[in-house]
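Visitor: Structure in structure tokens, see below.
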Amino acid sequence: MILDIKVSLFENYYSRTPYTTIGLWEWLLKDSENIVIVQRIRETRDEALKKKLKAKLPAITPSGIFSLRNVDGLVKHTGLICIDIDGKDNPHITDMELLKEELVKNEYILYCGLSVSGKGLYCMILIANPDKHKGHFYALEKDFAKLGITIDKACHDVTRLRGYSHDLKPILNPWSQIYQETIDYIETQAPKSMKNKDFITKNVEIQKTEPLVMTMDNFKQSVINQSLNNPSEYNCNVLIRSKSEMVRELVDKIVTSRIDITESRADWIQICSVLTNLFGEDGRDFFHQVSQFYSKYNQEINDQLYSNILEKGYRGNSDRLFEIAAKYGIR
């Protein structure tokens with residue numbers, strides 16, 4: 001469960017040995033006296049002072065628990081990879097708050113917050129195979145490049161540190177999907193002009209995962225109660241993506257693309273179950289919007305099915321709706 005993720009905590013960026021293990025959500029959401037240092041870093045234009053202040057901040061290893069901060073010191077991988085989006089690498093991106101709101105729509109991003117400088121973002125992503133940590137990074141690097149975003153290459157390192165930062169409104173998606181894709185870079189003695197160009201193989205691994213069944217309020221309260229002696233110390237302004245919000249966006253995509261995803265009767269009934277479960281009577285219009293592109297669409301029959309399933313209280317797993325839409329290229 002993502003609630004139980006533990007990471008190693010280091011005194012500062014230069015520490016090689018962790019001094020304790022800490023819960024990821026306690027680290028991300030709990031307010032700290034280090035907020036003052038973060039504010040000074042963001043306010044000053046003196047680069048030397050920024051470096052000095054950053055050196056004082058504690059840091060974690062998001063990808064694992066370590067006995068010593070090197071590859072051989074990895075005790076347990078968290079199943080997470082943390083990627084950095086630095087402003088200096090992406091000069092065309094001028095509004096990180098806006099980018100943060102866009103990125104959280106990505107189905108794989110678990111958490112997104114501002115970097116210590118306030119001019120970049122960092123994102124936590126669950127990965128399918130910790131043994132292929134670098135392979136997952138290279139695949140993510142390629143995916144983000146398609147969006148016009150350059151991610152920090154140093155993030156391929158499983159021992160990579162994430163220094164303390166503060167975000168008044170971080171974004172959290174407890175229903176994020178596990179990232180499956182990997183790209184293996186084959187090391188060869190080819191000429192420099194050929195390296196990392198013609199020797200890329202792509203492997204996709206599929207693993208079944210149990211859906212996370214949890215409401216927004218339950219998740220936030222679980223995070224707060226996990227190790228919390230004083231809930232008031234925690235940043236409760238975190239913006240949590242709801243499944244209903246994600247489904248609304250998916251319906252909009254279906255309508256815009258004008259693609260029928262209800263051709264299979266079994267899929268049609270499952271879609272109906274998801275919408276009745278999430279929205280009750282308010283989901284009836286969504287069901288008509290999704291079903292209208294079927295060649296034999298009939299409003300009366302559609303209405304009757306929705307009423308029957310709503311009355312019987314069938315509970316559809318919303319993940320199934322996304323799977324059905326994905327078969328038709330809608331994500």
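Letters for chains follow the order of the structure tokens (A, B, ...), residue numbers begin at 1 for each chain, and ligand numbers begin at 1 in the order shown.
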Find the nearest atom pair between each residue of stretch 7-66 of chain A and stretch 167-188 of chain A for residues within 12 Å, count only C-alpha atoms, give distances in Å to one decimal, sort rows by chain and ascending number, and present the table as CSV.

Guide:
residue,atom,partner,partner_atom,distance
A:Trp25,CA,A:Leu172,CA,10.6
A:Leu28,CA,A:Pro170,CA,9.0
A:Leu29,CA,A:Pro170,CA,8.6
A:Lys30,CA,A:Asp167,CA,10.7
A:Asp31,CA,A:Asp167,CA,9.8
A:Ser32,CA,A:Asp167,CA,11.7
A:Ile35,CA,A:Asp167,CA,9.4
A:Val38,CA,A:Asp167,CA,9.9
A:Gln39,CA,A:Asp167,CA,10.6
A:Arg42,CA,A:Asp167,CA,11.9

Visitor: Mind dumping the selected residues with C-alpha atoms as an mmCIF file, in the first residue's frame?

Guide:
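See out.cif below for the written result:
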data_model
loop_
_atom_site.group_PDB
_atom_site.id
_atom_site.type_symbol
_atom_site.label_atom_id
_atom_site.label_comp_id
_atom_site.auth_asym_id
_atom_site.auth_seq_id
_atom_site.Cartn_x
_atom_site.Cartn_y
_atom_site.Cartn_z
ATOM 1 C CA TRP A 25 3.896 11.071 3.492
ATOM 2 C CA LEU A 28 6.052 15.253 2.034
ATOM 3 C CA LEU A 29 3.119 16.673 3.966
ATOM 4 C CA LYS A 30 4.354 17.545 7.429
ATOM 5 C CA ASP A 31 5.298 21.188 7.970
ATOM 6 C CA SER A 32 8.820 21.737 9.256
ATOM 7 C CA ILE A 35 10.194 26.037 5.630
ATOM 8 C CA VAL A 38 13.134 27.234 1.743
ATOM 9 C CA GLN A 39 11.571 30.702 1.805
ATOM 10 C CA ARG A 42 13.291 31.378 -3.015
#

Visitor: Would you kindly return, as a PyMOL selection string, each protein, DNA or RNA residue with an atom no farther than 6 Å from any atom of stretch 71-83 of chain A, considering only C-alpha atoms and excluding same-chain residues fewer than 5 positions away?

Guide: chain A and resi 63-66+122-127+130+155

Visitor: Mind giving me the straight-line distance from atom CA of A:Ile60 to atom CA of A:Gly163 in Å, one decimal?

Guide: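 Result for atom CA of A:Ile60 versus atom CA of A:Gly163: 6.4 Å, one decimal.
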
Visitor: To one decimal place, how far is atom CA of A:Gln289 from atom CA of A:Ile254 in Å?

Guide: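 Between atom CA of A:Gln289 and atom CA of A:Ile254 the gap is 8.3 Å.
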
Visitor: Let's see if you can do this: from backbone DSSP, list all strand (DSSP E) residues in stretch 54-172 of chain A, as JSON, numbers by chain.

Guide: {"A": [59, 60, 61, 64, 65, 66, 74, 75, 76, 77, 80, 81, 82, 83, 84, 85, 86, 109, 110, 111, 112, 113, 114, 120, 121, 122, 123, 124, 125, 126, 162, 163, 171, 172]}

Visitor: Output C-alpha atoms for every residue in that selection, as a tab-separated table (two decimals), in the first residue's frame.

Guide:
chain	number	residue	atom	x	y	z
A	59	ALA	CA	17.02	14.98	2.23
A	60	ILE	CA	15.48	11.60	1.51
A	61	THR	CA	16.10	8.82	-1.00
A	64	GLY	CA	14.66	3.23	-1.31
A	65	ILE	CA	15.81	2.52	2.19
A	66	PHE	CA	19.62	2.47	2.36
A	74	LEU	CA	20.12	-0.44	-1.05
A	75	VAL	CA	18.13	-2.41	1.54
A	76	LYS	CA	14.66	-2.12	0.00
A	77	HIS	CA	13.35	-0.37	-3.08
A	80	LEU	CA	9.03	4.75	-6.66
A	81	ILE	CA	11.04	6.86	-9.02
A	82	CYS	CA	11.31	10.62	-8.53
A	83	ILE	CA	11.81	12.83	-11.57
A	84	ASP	CA	12.85	16.49	-11.54
A	85	ILE	CA	11.69	19.14	-14.00
A	86	ASP	CA	14.10	22.05	-13.65
A	109	ILE	CA	1.93	10.68	-11.40
A	110	LEU	CA	1.32	9.92	-7.73
A	111	TYR	CA	2.58	13.21	-6.32
A	112	CYS	CA	3.76	16.54	-7.75
A	113	GLY	CA	5.20	19.49	-5.86
A	114	LEU	CA	7.43	22.54	-6.22
A	120	GLY	CA	10.88	23.55	-10.88
A	121	LEU	CA	8.78	20.51	-10.03
A	122	TYR	CA	9.41	17.00	-8.80
A	123	CYS	CA	7.09	14.07	-9.41
A	124	MET	CA	6.78	10.70	-7.69
A	125	ILE	CA	5.83	7.77	-9.93
A	126	LEU	CA	5.20	4.12	-9.04
A	162	ARG	CA	15.36	14.64	-2.86
A	163	GLY	CA	16.02	17.60	-0.59
A	171	ILE	CA	-1.07	17.61	-5.90
A	172	LEU	CA	-1.69	13.98	-5.08

Visitor: Hey, what's within 6 Å of stretch 256-265 of chain A if we count only C-alpha atoms and toss same-chain stuff fewer than 3 positions away? As a list in words, please?

Guide: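 So the residues in contact are Lys253, Trp268, Phe293 and Tyr294 of chain A.
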
Visitor: Write out as a PyMOL selection string which residues come within 9 Å of A:Arg40 when counting only C-alpha atoms, dropping same-chain ones fewer than 4 positions away.

Guide: chain A and resi 35-36+44+50+53
